[in-house]
Amino acid sequence: MDRTNRNTALASAFVEELARCGLRRAVIAPGSRSTPLALALWREPALEATVSVDERSAGFFALGAAHASGRPVAVLCTSGTAAANLHPAVCEADEGGVPLLVLTADRPPELRGIGAGQTIDQLKLYGSAARWFCEAGTHEADDAGLLHMRATACRAWAAAAGDPRPGPVHVNLSWRDPLGPEPHPEDLTATSELALEGRGGRPLTEVPRGGGPAPSPAMVDVMAGHVRDCTRGLIVCGRQPDPALAEPVAALARAAGYPIVAEPTSQLRLGPHGRDLVISAYDVITHVGSEALEPEFIIRFGDMPTSKALRAWLARLGEVPQVVVDASFGWNLPTRAAVVVVRTDPIALASALASAVDEGERGSWAAGWTAADMAAAEAVAAELEAVADPSEPAIHAALGELYRDGDLVYTASSMPIRDQEMFLRPAPSAVRFLANRGANGIDGLVSSGIGAAAATGAPTWIVTGDLGLHHDSNALAALTHAATPVRIVVLHNDGGGIFELLPQAGQLERSEFEALLATPVGLDVGKLAALHGVRHERVERIEDLRQSASAGTALIEVPVDRQADAELRRRLTAAGATAVAEALR
C-alpha cells in the first residue's frame, strides 16, 4: 500500500485487493481526476497496464481482453463525458456476459451540480447494464476507510466475475485534492493491520466460483432417458467461448447419433475434435424446412446461433422439447420455445450424457443431415468457383483455409458474422472464434480484437467491413500493445452490405437508400493505414489473400461489390436449397 497521502493509500488498497482477487490487466484512459487510481494500477506489480487515449476504444479493448481471457479486466477513465464513452462497451459486456470492471473517477460531492468543470451525473450512469454499482464515496485513510475500499474491490471483482452471471460492474470513485502523490504522511491514521495490509497474499473476501454446478445423477438419468428414447435428436451449438466444450459435445453426438448444428463462435465448427456430425450449411437446410429432418428432441449449448432461418425453423418446432444448457444464468431464448433451462456445467453434462448413452445403430437420421449438409456445401462451392471477382462469401471460405492452430478470429457483427456462419466449412485447425454478439453492435470491434490479441498472445484475425473499421479507426493506435500478428481483413464494399438484403432496398429510391441505410463513407484504407504506420495490402484476387496475410500485422483490404454480393447470396441460397431437396429425395 502506498502511504504517501490519503488518496494514494485508498487507491492502492483498492487496487491491491483487485490484484489479490485475480486482476491481471487494466486499461487506463488518461485524465487528471483519475490520477490516484491510474498511479495505483500502473504501479501494481501484478498488473499489465495499457494506456489508451480514446475512452470508447479503451472500453472495447478491455472488453475484448476480458472476453478472450475469461476473467475481469479493469478500465479506468476520468470524470465527465469520458465515462459516457464507456457506455457502449458496458452494454456489450452486459448482454454478452463479459466480466468487466468499469472504474470512473469523479469529483467529490461538494463539486457536483455547481458548474464545476468536467462534471456530469455519474451515479448509476450505466443503469441496468451494470451487474452492480457502487458510489465508493470519499473517505479518510483510517481503518474504516481502508477496509471499505478493500471490501468494495472484492465485491466488485466477485460481481464482475459472475456472482451469479458475469458482466460489467461500475465503481464510481471520488477524489479530493491533492490528486498527485504529494507527500502528506499524516493523512494515514489507520492502525489496524487488516486495514493496512489486508490478508497478505489472499483477498480480504473471496467468492470462489467454478463453471457451474455439476449435474446431479438424477438430471443425467432423466436427460439420458430422453436421448435414448428420441432417436431423431439435434444438438444446437451457439456462441460460447470455451474450446474445451467441443470434445464432450462431439462425444455426445457420436453416442446419441445426433447431428450438431454449430456456428463458428460455438468453438465446434473448427478444431481437432470429431467433426463428422458437425453441420455448417444449416441456414440453407432449415430454409428448405424438410419434414424428414425435423427432430423430436433438441439440446442447445451456448447462445442461439445467428442464422435467421434456423431461428425461425426452431420457433416453428415449438412442440418439440428443447433443453437449453446455460450455467451463466443468462436468458438467451429468442424463440421462446425452450421447455427447460438447465443451470449446470455444460462440459460435465455433455461428458456424463455421452457416457450414459450407449452408442448403437441410430438409423439414417444423422445420415440425412450430413448428406444434406454436403450437398448444400458442394453446390455453394461450385457457384462460388464460377465467380471470378472477390466476394464476401468467397473470402470467408478462403479464410477458413488460412486459419492455423492457435489462431484467434474476432468477427464483426452485421454481414461478416452471418457470412462466416454460412460459408466457413468445418476444418481440423484449433481456432478460437469470438464476436461481440451480446448487443450486436459494430462499434469497438477493432479495439476488441486487439484487446483479445494482447490478452492471449494468440495470432489474431479481425474480420470487419469498412463501416466497422470507420467506426473504430482510433483503435489502430492500440496495435502497439499487441506483441502478436494482428491481421485486420477489411471487406470494403463502401457501405453497409447487410442493408442490401433488407426490404428497404427495394422500397426506397436508390439515392434515399444510399444516404439513409447503405451510408457509403468513401474510406481510404491505405491512407488510414499510413496514418497509423500499419502495413496495408489491397487484395484484388482471392488467390492473393494467402500471401498478403503471411507477413504479420496488416490492414488487408479486399474491395467487393455489395449489390453484386447481395445477389450472389440469393443465388447461393437457391443453389444450396435445390441441392438439399435433391439429396433428400
# chains A, B, ... in the order shown; residues from 1 in each chain; ligands from 1
$ residues_around --residues "Ala583 in chain A" --least-positions-apart "4" --cutoff "9 Å" --atoms "only C-alpha atoms" --output "number ranges by chain"
A: 368, 371-372, 375-376, 578-579
$ write_last_selection --atoms "all heavy atoms" --output "PDB file, in the first residue's frame"
ATOM      1  N   GLY A 368     -29.072 -38.415 -42.997  1.00  0.00           N
ATOM      2  CA  GLY A 368     -29.851 -37.477 -43.789  1.00  0.00           C
ATOM      3  C   GLY A 368     -29.353 -36.049 -43.629  1.00  0.00           C
ATOM      4  O   GLY A 368     -29.237 -35.294 -44.604  1.00  0.00           O
ATOM      5  N   ALA A 371     -25.853 -35.743 -45.314  1.00  0.00           N
ATOM      6  CA  ALA A 371     -25.978 -35.741 -46.778  1.00  0.00           C
ATOM      7  C   ALA A 371     -26.481 -34.390 -47.271  1.00  0.00           C
ATOM      8  O   ALA A 371     -25.994 -33.845 -48.281  1.00  0.00           O
ATOM      9  CB  ALA A 371     -26.919 -36.848 -47.227  1.00  0.00           C
ATOM     10  N   ALA A 372     -27.459 -33.842 -46.573  1.00  0.00           N
ATOM     11  CA  ALA A 372     -27.973 -32.525 -46.940  1.00  0.00           C
ATOM     12  C   ALA A 372     -26.899 -31.455 -46.787  1.00  0.00           C
ATOM     13  O   ALA A 372     -26.763 -30.557 -47.632  1.00  0.00           O
ATOM     14  CB  ALA A 372     -29.190 -32.192 -46.079  1.00  0.00           C
ATOM     15  N   ALA A 375     -24.370 -31.819 -49.645  1.00  0.00           N
ATOM     16  CA  ALA A 375     -24.953 -31.390 -50.915  1.00  0.00           C
ATOM     17  C   ALA A 375     -25.003 -29.871 -51.003  1.00  0.00           C
ATOM     18  O   ALA A 375     -24.657 -29.272 -52.040  1.00  0.00           O
ATOM     19  CB  ALA A 375     -26.349 -31.983 -51.075  1.00  0.00           C
ATOM     20  N   ALA A 376     -25.428 -29.228 -49.940  1.00  0.00           N
ATOM     21  CA  ALA A 376     -25.501 -27.767 -49.933  1.00  0.00           C
ATOM     22  C   ALA A 376     -24.115 -27.151 -50.061  1.00  0.00           C
ATOM     23  O   ALA A 376     -23.914 -26.198 -50.825  1.00  0.00           O
ATOM     24  CB  ALA A 376     -26.175 -27.284 -48.650  1.00  0.00           C
ATOM     25  N   THR A 578     -31.754 -26.180 -53.650  1.00  0.00           N
ATOM     26  CA  THR A 578     -32.048 -27.180 -54.682  1.00  0.00           C
ATOM     27  C   THR A 578     -31.278 -28.465 -54.426  1.00  0.00           C
ATOM     28  O   THR A 578     -31.817 -29.578 -54.542  1.00  0.00           O
ATOM     29  CB  THR A 578     -31.698 -26.621 -56.072  1.00  0.00           C
ATOM     30  OG1 THR A 578     -32.496 -25.458 -56.320  1.00  0.00           O
ATOM     31  CG2 THR A 578     -31.949 -27.651 -57.152  1.00  0.00           C
ATOM     32  N   ALA A 579     -29.996 -28.321 -54.057  1.00  0.00           N
ATOM     33  CA  ALA A 579     -29.163 -29.494 -53.788  1.00  0.00           C
ATOM     34  C   ALA A 579     -29.663 -30.272 -52.576  1.00  0.00           C
ATOM     35  O   ALA A 579     -29.665 -31.508 -52.573  1.00  0.00           O
ATOM     36  CB  ALA A 579     -27.712 -29.048 -53.576  1.00  0.00           C
TER      37      ALA A 579
END
$ residues_around --residues "range 117-134 of chain A" --least-positions-apart "2" --cutoff "7 Å" --atoms "only C-alpha atoms" --output "count of residues only"
17
$ select_by_dssp --residues "range 6-242 of chain A" --states "strand (DSSP E or B)" --output "MDAnalysis selection string"
chainID A and resid 25:28 48:51 73:77 100:106 132:135 141 168:174 188 199 202 233:237
$ write_last_selection --atoms "N, CA, C and O atoms" --output "compact mmCIF listing (two decimals), in the first residue's frame"
# COMPACT_ATOMS: atom_id res chain seq x y z
N ARG A 25 -4.95 -7.41 -15.69
CA ARG A 25 -4.86 -6.45 -16.80
C ARG A 25 -5.79 -5.27 -16.54
O ARG A 25 -6.92 -5.44 -16.09
N ALA A 26 -5.28 -4.06 -16.84
CA ALA A 26 -6.06 -2.84 -16.71
C ALA A 26 -5.79 -1.95 -17.91
O ALA A 26 -4.68 -1.92 -18.44
N VAL A 27 -6.82 -1.23 -18.33
CA VAL A 27 -6.71 -0.28 -19.43
C VAL A 27 -7.00 1.10 -18.85
O VAL A 27 -8.03 1.30 -18.21
N ILE A 28 -6.08 2.04 -19.07
CA ILE A 28 -6.17 3.37 -18.47
C ILE A 28 -6.37 4.41 -19.56
O ILE A 28 -5.54 4.53 -20.47
N GLU A 48 -0.68 -5.81 -15.78
CA GLU A 48 -0.18 -5.25 -17.02
C GLU A 48 -1.14 -4.14 -17.41
O GLU A 48 -2.31 -4.39 -17.69
N ALA A 49 -0.64 -2.90 -17.41
CA ALA A 49 -1.48 -1.75 -17.67
C ALA A 49 -1.24 -1.23 -19.09
O ALA A 49 -0.10 -1.11 -19.54
N THR A 50 -2.33 -0.93 -19.79
CA THR A 50 -2.29 -0.40 -21.14
C THR A 50 -2.93 0.98 -21.13
O THR A 50 -3.99 1.17 -20.52
N VAL A 51 -2.32 1.94 -21.79
CA VAL A 51 -2.85 3.30 -21.85
C VAL A 51 -3.50 3.52 -23.21
O VAL A 51 -2.90 3.25 -24.25
N VAL A 73 -11.33 -7.66 -16.60
CA VAL A 73 -10.32 -6.67 -16.95
C VAL A 73 -10.85 -5.32 -16.50
O VAL A 73 -12.05 -5.04 -16.66
N ALA A 74 -10.00 -4.48 -15.94
CA ALA A 74 -10.42 -3.17 -15.46
C ALA A 74 -10.18 -2.12 -16.52
O ALA A 74 -9.18 -2.17 -17.26
N VAL A 75 -11.09 -1.16 -16.63
CA VAL A 75 -10.89 0.01 -17.48
C VAL A 75 -11.18 1.23 -16.63
O VAL A 75 -12.19 1.31 -15.94
N LEU A 76 -10.27 2.20 -16.67
CA LEU A 76 -10.35 3.40 -15.85
C LEU A 76 -10.44 4.64 -16.73
O LEU A 76 -9.72 4.75 -17.73
N CYS A 77 -11.31 5.57 -16.34
CA CYS A 77 -11.36 6.86 -17.03
C CYS A 77 -11.53 7.97 -16.02
O CYS A 77 -11.86 7.74 -14.85
N LEU A 100 -16.29 -7.29 -16.76
CA LEU A 100 -15.64 -6.01 -16.98
C LEU A 100 -15.75 -5.16 -15.72
O LEU A 100 -16.84 -5.02 -15.16
N LEU A 101 -14.62 -4.61 -15.29
CA LEU A 101 -14.59 -3.71 -14.13
C LEU A 101 -14.45 -2.28 -14.64
O LEU A 101 -13.39 -1.90 -15.15
N VAL A 102 -15.50 -1.50 -14.52
CA VAL A 102 -15.51 -0.13 -15.01
C VAL A 102 -15.28 0.81 -13.83
O VAL A 102 -16.12 0.89 -12.92
N LEU A 103 -14.16 1.50 -13.84
CA LEU A 103 -13.76 2.38 -12.75
C LEU A 103 -13.79 3.82 -13.26
O LEU A 103 -12.98 4.19 -14.12
N THR A 104 -14.71 4.63 -12.77
CA THR A 104 -14.81 6.01 -13.21
C THR A 104 -14.42 6.93 -12.07
O THR A 104 -14.93 6.82 -10.95
N ALA A 105 -13.49 7.84 -12.36
CA ALA A 105 -13.15 8.87 -11.37
C ALA A 105 -14.22 9.94 -11.39
O ALA A 105 -14.88 10.18 -12.40
N ASP A 106 -14.40 10.62 -10.27
CA ASP A 106 -15.45 11.63 -10.17
C ASP A 106 -14.99 12.74 -9.23
O ASP A 106 -14.06 12.56 -8.42
N TRP A 132 -23.55 -4.50 -10.83
CA TRP A 132 -23.53 -3.88 -9.50
C TRP A 132 -22.95 -2.49 -9.67
O TRP A 132 -22.00 -2.29 -10.44
N PHE A 133 -23.53 -1.52 -8.99
CA PHE A 133 -22.98 -0.17 -8.97
C PHE A 133 -22.61 0.19 -7.55
O PHE A 133 -23.35 -0.11 -6.60
N CYS A 134 -21.47 0.88 -7.40
CA CYS A 134 -21.06 1.35 -6.08
C CYS A 134 -20.52 2.77 -6.19
O CYS A 134 -19.60 3.03 -6.96
N GLU A 135 -21.13 3.68 -5.45
CA GLU A 135 -20.56 5.01 -5.25
C GLU A 135 -19.60 4.86 -4.07
O GLU A 135 -20.03 4.78 -2.91
N ALA A 141 -8.09 7.99 5.28
CA ALA A 141 -7.24 6.80 5.26
C ALA A 141 -7.11 6.25 6.67
O ALA A 141 -6.01 6.06 7.20
N PRO A 168 -20.56 -6.47 -16.50
CA PRO A 168 -19.88 -5.24 -16.10
C PRO A 168 -20.28 -4.79 -14.70
O PRO A 168 -21.44 -4.90 -14.29
N VAL A 169 -19.32 -4.27 -13.97
CA VAL A 169 -19.53 -3.68 -12.66
C VAL A 169 -19.00 -2.25 -12.72
O VAL A 169 -17.94 -2.00 -13.29
N HIS A 170 -19.74 -1.33 -12.14
CA HIS A 170 -19.35 0.08 -12.17
C HIS A 170 -19.06 0.56 -10.76
O HIS A 170 -19.93 0.52 -9.88
N VAL A 171 -17.82 1.01 -10.54
CA VAL A 171 -17.44 1.63 -9.28
C VAL A 171 -17.05 3.08 -9.57
O VAL A 171 -16.15 3.34 -10.37
N ASN A 172 -17.76 4.01 -8.97
CA ASN A 172 -17.51 5.44 -9.14
C ASN A 172 -16.70 5.93 -7.94
O ASN A 172 -17.15 5.81 -6.79
N LEU A 173 -15.51 6.47 -8.20
CA LEU A 173 -14.58 6.81 -7.13
C LEU A 173 -14.27 8.31 -7.15
O LEU A 173 -13.75 8.83 -8.14
N SER A 174 -14.63 8.97 -6.07
CA SER A 174 -14.42 10.42 -5.96
C SER A 174 -13.08 10.72 -5.30
O SER A 174 -12.69 10.04 -4.34
N LEU A 188 -2.48 9.32 6.87
CA LEU A 188 -2.70 7.90 7.16
C LEU A 188 -2.83 7.71 8.66
O LEU A 188 -1.84 7.77 9.40
N ARG A 199 -5.11 -9.29 3.97
CA ARG A 199 -4.79 -10.66 4.40
C ARG A 199 -3.53 -11.19 3.72
O ARG A 199 -3.41 -12.38 3.45
N ARG A 202 -3.82 -13.17 0.18
CA ARG A 202 -5.20 -13.52 -0.12
C ARG A 202 -6.07 -12.28 -0.16
O ARG A 202 -5.78 -11.29 0.50
N GLY A 233 -32.78 -36.75 -32.75
CA GLY A 233 -32.40 -35.62 -31.91
C GLY A 233 -31.44 -34.69 -32.62
O GLY A 233 -30.83 -35.04 -33.64
N LEU A 234 -31.31 -33.50 -32.09
CA LEU A 234 -30.44 -32.49 -32.69
C LEU A 234 -29.73 -31.72 -31.58
O LEU A 234 -30.35 -31.36 -30.57
N ILE A 235 -28.44 -31.48 -31.76
CA ILE A 235 -27.67 -30.64 -30.84
C ILE A 235 -27.42 -29.31 -31.54
O ILE A 235 -26.89 -29.28 -32.66
N VAL A 236 -27.80 -28.23 -30.90
CA VAL A 236 -27.59 -26.88 -31.44
C VAL A 236 -26.54 -26.19 -30.59
O VAL A 236 -26.66 -26.14 -29.36
N CYS A 237 -25.51 -25.66 -31.24
CA CYS A 237 -24.42 -25.02 -30.51
C CYS A 237 -24.20 -23.60 -31.02
O CYS A 237 -23.83 -23.40 -32.18
$ closest_residue --among "A:Ser548, A:Thr460, A:Ser307, A:Thr78" --to "Val431 in chain A" --atoms "only C-alpha atoms"
A:Thr460
$ residues_around --residues "range 15-23 of chain A" --least-positions-apart "2" --cutoff "10 Å" --atoms "only C-alpha atoms" --output "PyMOL selection string"
chain A and resi 1-2+10-13+25-26+37-48+71-74+101+149-158+161+197-208
$ closest_atom_pairs --of "range 370-441 of chain A" --to "range 467-484 of chain A" --cutoff "12 Å" --atoms "only C-alpha atoms" --output "CSV"
residue,atom,partner,partner_atom,distance
A:Gly406,CA,A:Thr484,CA,11.6
A:Asp407,CA,A:Thr484,CA,10.4
A:Leu408,CA,A:Thr484,CA,10.9
A:Thr411,CA,A:Gly468,CA,10.2
A:Ala412,CA,A:Gly468,CA,7.1
A:Ser413,CA,A:Gly468,CA,8.6
A:Ser414,CA,A:Gly468,CA,9.2
A:Met415,CA,A:Gly468,CA,10.5
A:Pro416,CA,A:Gly468,CA,10.0
A:Asn440,CA,A:Gly468,CA,11.9
A:Gly441,CA,A:Gly468,CA,9.1
$ write_last_selection --atoms "C-alpha atoms" --output "compact mmCIF listing (two decimals), in the first residue's frame"
# COMPACT_ATOMS: atom_id res chain seq x y z
CA GLY A 406 -3.70 -21.34 -32.12
CA ASP A 407 -5.24 -18.52 -34.16
CA LEU A 408 -7.95 -16.29 -32.73
CA THR A 411 -15.56 -11.13 -36.29
CA ALA A 412 -17.72 -8.05 -36.73
CA SER A 413 -21.47 -8.16 -36.33
CA SER A 414 -23.74 -7.33 -39.27
CA MET A 415 -22.76 -9.11 -42.50
CA PRO A 416 -19.32 -10.58 -41.59
CA ASN A 440 -24.57 -6.94 -31.76
CA GLY A 441 -23.03 -3.53 -32.48
$ residues_around --residues "Ala581 in chain A" --least-positions-apart "2" --cutoff "12 Å" --atoms "only C-alpha atoms" --output "list in words"
Val284, Ile285, Thr286, His287, Val288, Gly289, Ser290, Glu291, Ala292, Leu293, Gly368, Trp369, Ala371, Ala372, Asp373, Ala375, Ala376, Ala379, Ala574, Ala575, Gly576, Ala577, Thr578, Ala579, Ala583, Leu584 and Arg585 of chain A
$ atom_distance --atom1 "CA of Ala551 in chain A" --atom2 "CA of Ser69 in chain A"
25.8 Å
$ closest_residue --among "A:Ser266, A:Thr8, A:Ser391, A:Ser351" --to "Gly180 in chain A" --atoms "only C-alpha atoms"
A:Thr8
$ residues_around --residues "Ala337 in chain A" --least-positions-apart "5" --cutoff "9 Å" --atoms "only C-alpha atoms" --output "ChimeraX atom specification"
/A:314-322
$ closest_residue --among "A:Pro485, A:Pro213, A:Gly145, A:Gly451" --to "Leu194 in chain A" --atoms "only C-alpha atoms"
A:Gly145
$ closest_residue --among "A:Ala398, A:Val98, A:Ala549, A:Ala281" --to "Gly64 in chain A" --atoms "only C-alpha atoms"
A:Val98
$ select_by_dssp --residues "range 416-491 of chain A" --states "alpha helix (DSSP H)" --output "PDB file with C-alpha atoms, in the first residue's frame"
ATOM      1  CA  PRO A 416     -19.319 -10.585 -41.593  1.00  0.00           C
ATOM      2  CA  ILE A 417     -20.636 -12.789 -38.764  1.00  0.00           C
ATOM      3  CA  ARG A 418     -23.501 -14.021 -40.953  1.00  0.00           C
ATOM      4  CA  ASP A 419     -21.268 -14.816 -43.928  1.00  0.00           C
ATOM      5  CA  GLN A 420     -18.828 -16.579 -41.621  1.00  0.00           C
ATOM      6  CA  GLU A 421     -21.683 -18.677 -40.253  1.00  0.00           C
ATOM      7  CA  MET A 422     -22.912 -19.578 -43.736  1.00  0.00           C
ATOM      8  CA  PHE A 423     -19.716 -20.129 -45.709  1.00  0.00           C
ATOM      9  CA  LEU A 445     -14.850  -4.283 -32.935  1.00  0.00           C
ATOM     10  CA  VAL A 446     -11.242  -3.471 -33.878  1.00  0.00           C
ATOM     11  CA  SER A 447     -10.418  -2.446 -30.293  1.00  0.00           C
ATOM     12  CA  SER A 448     -11.969  -5.689 -29.005  1.00  0.00           C
ATOM     13  CA  GLY A 449      -9.916  -7.803 -31.374  1.00  0.00           C
ATOM     14  CA  ILE A 450      -6.663  -6.052 -30.473  1.00  0.00           C
ATOM     15  CA  GLY A 451      -7.514  -6.387 -26.781  1.00  0.00           C
ATOM     16  CA  ALA A 452      -8.059 -10.117 -27.266  1.00  0.00           C
ATOM     17  CA  ALA A 453      -4.717 -10.391 -29.065  1.00  0.00           C
ATOM     18  CA  ALA A 454      -2.930  -8.532 -26.266  1.00  0.00           C
ATOM     19  CA  ALA A 455      -4.565 -10.649 -23.550  1.00  0.00           C
ATOM     20  CA  THR A 456      -3.897 -14.043 -25.141  1.00  0.00           C
ATOM     21  CA  ASP A 466     -15.301  -0.801 -43.985  1.00  0.00           C
ATOM     22  CA  LEU A 467     -18.012   0.752 -41.788  1.00  0.00           C
ATOM     23  CA  GLY A 468     -16.833  -1.302 -38.813  1.00  0.00           C
ATOM     24  CA  LEU A 469     -13.284  -0.077 -39.392  1.00  0.00           C
ATOM     25  CA  HIS A 470     -14.503   3.502 -39.825  1.00  0.00           C
ATOM     26  CA  HIS A 471     -16.431   3.347 -36.528  1.00  0.00           C
TER      27      HIS A 471
END
$ closest_residue --among "A:Ala66, A:Leu353, A:Gly465, A:Ser364" --to "Glu92 in chain A" --atoms "only C-alpha atoms"
A:Ala66
$ atom_distance --atom1 "CA of Leu111 in chain A" --atom2 "CA of Ala144 in chain A"
23.8 Å
